[in-house]
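Beneath this line is the structure, given in structure tokens, with notes to follow.
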Amino acid sequence: MAAMRRVLVAAVALATASLLVPAAVAQLSPSFYGASCTSLESIVRSGMVSAVQSEPRMGASILRLFFHDCFVNGCDASVLLDDSSTLTGEKNAGPNANSLRGYEVIDAIKSRVEAACPGTVSCADILAVAARDGVNLLGGPTWAVPLGRRDARTTTQQAANANLPSPSSAIGTLISSFASKGLDSQDLVALSGGHTIGAARCASFRSRVYNDSNILAGFAQRRRQVCPAQGPNGDGNLAPLDAFSSVKFDNGYFRNLQGRFGLLHSDQELFNGGPVDSIVQRYARDGGAFAGDFVNAMIKMGNISPLTGANGEIRANCRKPN
Ligand code: HEM
Ligand SMILES: *[C@@H]1O[C@H](CO)[C@@H](O)[C@H](O)[C@H]1NC(C)=O
């Protein structure tokens, strides 16, 4: 009887532990480097200040880099690995090639962090803090970033192609893509508010401005002028994701959606008579609600399967495994 009860207790403990592991994951904490690298936050901040001073868009580019890191094998700096003879990584995957940018900014910050605290801070954590600073320097909120991630030793191009949502996605696909990462519809809408800053290439919005019907006619007309109908002509031509304030982190993106000014097909899917219209309306009305939900969703996204403890490594150079 006692033996059976012990077995039962063990089974319950095991079941409880396995339930807790995915949710409570990572033991990330804002004070992780509190003793081991006191200058981390100020080094990242000053690196981002100079990057954003020389090009405001860089705040947006680093935010996107963080999103693309977290959605592919978790927030493990896998996106920063260069292709090599032994590794075909994420940088040349469809959603990233000729598009993702800001690697040099992370390199510059990493070398200053290494000089101050050698072998201590992961590239994944540097990217998480830099993304927060990019948002804040463009006028968005700030928050304490949970830290303690370690860096992946490898990755694949295929993982990036499989995990990053396409701008031609319909709302149901966007919702399930985010759900597969533990992010709900509110997180999807709040995080899509990241498109209040930065730019997209014609290749990403061509079919939207030529073929979609839920787009303001005059706006589509203007965007066609920078985006020739036949690719690859003009594929790299840029337009702001937020037509009115692309270097200001505000809630204008949501008002654009209400006016059918979404630049990407996937943007306008969030306000097209579907299940998340009411969330768009709330954020369009209430910038504070957007900022608060964005912060919560960034922390949630930053918790996607990090490597911790003895897993992974602290890379010396963000571009290659040690
Ligand atoms: C909901 C699904 C999403 C899709 C389909 C999507 C798609 C895209 C595409 C196609 C671009 C333009 C890339 C180019 O043409 O070079 C872009 C840019 C951008 N995305 Fe997203 N995105 C999504 C979610 C997010 C999230 C969650 C964030 C961050 C929280 C984010 C932040 C950005 C930023 C800041 C840019 C501009 C980058 C720059 O100017 O360098 N996106 N996105
Ligand atoms: C628009 O749709 C038509 C018909 O499906 C297609 O042939 C054409 O390539 C599309 N144009 C763009 C720019 O996507």
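Going by the structure tokens order, chains are called A, B, ..., each with residues numbered from 1, while ligands are numbered from 1 in the order shown.
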Check: Contacts of Ser177 of chain A at 12 Å or less, counting only C-alpha atoms, minus same-chain residues fewer than 3 places along, as an NGL selection string?
Finding: :A and (71-72 or 162-166 or 169-174 or 180-185 or 187-188)
Please write the residues from the selection above to a file, keeping C-alpha atoms, as a short mmCIF file (atom, residue, chain, number, x, y, z; two decimals), in the first residue's frame.
data_model
loop_
_atom_site.label_atom_id
_atom_site.label_comp_id
_atom_site.auth_asym_id
_atom_site.auth_seq_id
_atom_site.Cartn_x
_atom_site.Cartn_y
_atom_site.Cartn_z
CA PHE A 71 10.40 32.18 -34.03
CA VAL A 72 13.10 29.81 -35.29
CA ALA A 162 9.21 26.61 -42.02
CA ASN A 163 8.66 28.88 -38.99
CA LEU A 164 8.49 32.47 -40.23
CA PRO A 165 5.04 33.69 -41.30
CA SER A 166 4.67 34.94 -44.87
CA SER A 169 -0.77 34.76 -44.94
CA ALA A 170 -4.46 34.87 -44.14
CA ILE A 171 -5.63 35.66 -40.60
CA GLY A 172 -6.20 32.00 -39.68
CA THR A 173 -2.66 31.12 -40.70
CA LEU A 174 -1.23 34.04 -38.70
CA SER A 180 2.36 27.26 -32.31
CA LYS A 181 4.81 29.50 -30.41
CA GLY A 182 2.54 29.87 -27.38
CA LEU A 183 1.34 33.34 -28.44
CA ASP A 184 -2.39 34.11 -28.57
CA SER A 185 -4.40 36.38 -30.89
CA ASP A 187 -0.09 38.79 -28.78
CA LEU A 188 -0.30 38.50 -32.57
#
Closest-contact table, segment 133-221 of chain A side, partner segment 229-250 of chain A, 9 Å, counting only C-alpha atoms, as a tab-separated table:
residue	atom	partner	partner_atom	distance
A:Val135	CA	A:Phe249	CA	6.6
A:Asn136	CA	A:Phe249	CA	7.9
A:Leu137	CA	A:Phe249	CA	8.7
A:Leu138	CA	A:Lys248	CA	5.2
A:Gly139	CA	A:Phe249	CA	5.2
A:Gly140	CA	A:Phe249	CA	4.9
A:Pro141	CA	A:Phe249	CA	8.5
A:Gly193	CA	A:Asp250	CA	8.4
A:Gly194	CA	A:Phe249	CA	7.9
A:His195	CA	A:Leu241	CA	5.7
A:Thr196	CA	A:Asp242	CA	5.1
A:Ile197	CA	A:Ser246	CA	4.4
A:Gly198	CA	A:Ser246	CA	5.6
A:Ala199	CA	A:Pro240	CA	4.2
A:Ala200	CA	A:Leu238	CA	5.5
A:Arg201	CA	A:Leu238	CA	4.6
A:Cys202	CA	A:Asp235	CA	5.0
A:Ala203	CA	A:Asp235	CA	4.6
A:Ser204	CA	A:Asp235	CA	8.1
A:Phe205	CA	A:Ala239	CA	8.9
A:Arg206	CA	A:Ala229	CA	6.8
A:Ser207	CA	A:Ala229	CA	8.3
A:Tyr210	CA	A:Ala229	CA	7.2
Write the residues you've just listed into a file as a CSV table (one decimal), in the first residue's frame, and include C-alpha atoms for each of them.
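File again.csv, as written:
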chain,number,residue,atom,x,y,z
A,135,VAL,CA,11.8,50.3,-29.7
A,136,ASN,CA,12.4,52.7,-26.8
A,137,LEU,CA,14.8,55.0,-28.8
A,138,LEU,CA,12.1,55.4,-31.5
A,139,GLY,CA,9.6,56.6,-28.9
A,140,GLY,CA,8.2,53.3,-27.7
A,141,PRO,CA,8.0,51.8,-24.1
A,193,GLY,CA,2.3,46.7,-34.0
A,194,GLY,CA,6.0,46.3,-34.5
A,195,HIS,CA,5.2,47.4,-38.0
A,196,THR,CA,4.6,50.9,-36.7
A,197,ILE,CA,8.3,51.3,-37.5
A,198,GLY,CA,10.6,50.3,-40.4
A,199,ALA,CA,10.1,49.5,-44.1
A,200,ALA,CA,9.3,46.7,-46.5
A,201,ARG,CA,10.6,45.9,-50.0
A,202,CYS,CA,8.4,46.0,-53.1
A,203,ALA,CA,8.8,42.2,-53.3
A,204,SER,CA,6.9,42.0,-50.1
A,205,PHE,CA,4.0,44.3,-51.0
A,206,ARG,CA,3.7,44.0,-54.8
A,207,SER,CA,0.7,41.6,-54.9
A,210,TYR,CA,-1.7,45.4,-57.4
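With distances taken over only C-alpha atoms and all ligand atoms, A:Ser61 is the one residue among A:Asn214, A:Ser176, A:Ser61, A:Gln281 lying closest to ligand 1.
Minimum distance to Ile62 of chain A across A:Ser99, A:Asn322, A:Gln186, A:Ser29 (counting only C-alpha atoms) occurs at A:Ser99.
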Note to self: Can you tell me which residues surround Ser122 of chain A at a distance of at most 10 Å, considering only C-alpha atoms, apart from same-chain residues fewer than 4 positions away, and format the answer as an MDAnalysis selection string?
What the structure shows: chainID A and resid 76:77 110 113:114 126:127 147:152 312:318
Item checked: Residue among A:Asn272, A:Thr155, A:Ser46, A:Ser305 lying closest to Leu80 of chain A, counting only C-alpha atoms -> A:Thr155
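For the residues A:Ala160, A:Ile299, A:Val189, A:Leu307, ranking by smallest atom-to-atom distance to Ala93 of chain A using only C-alpha atoms places A:Ala160 first.
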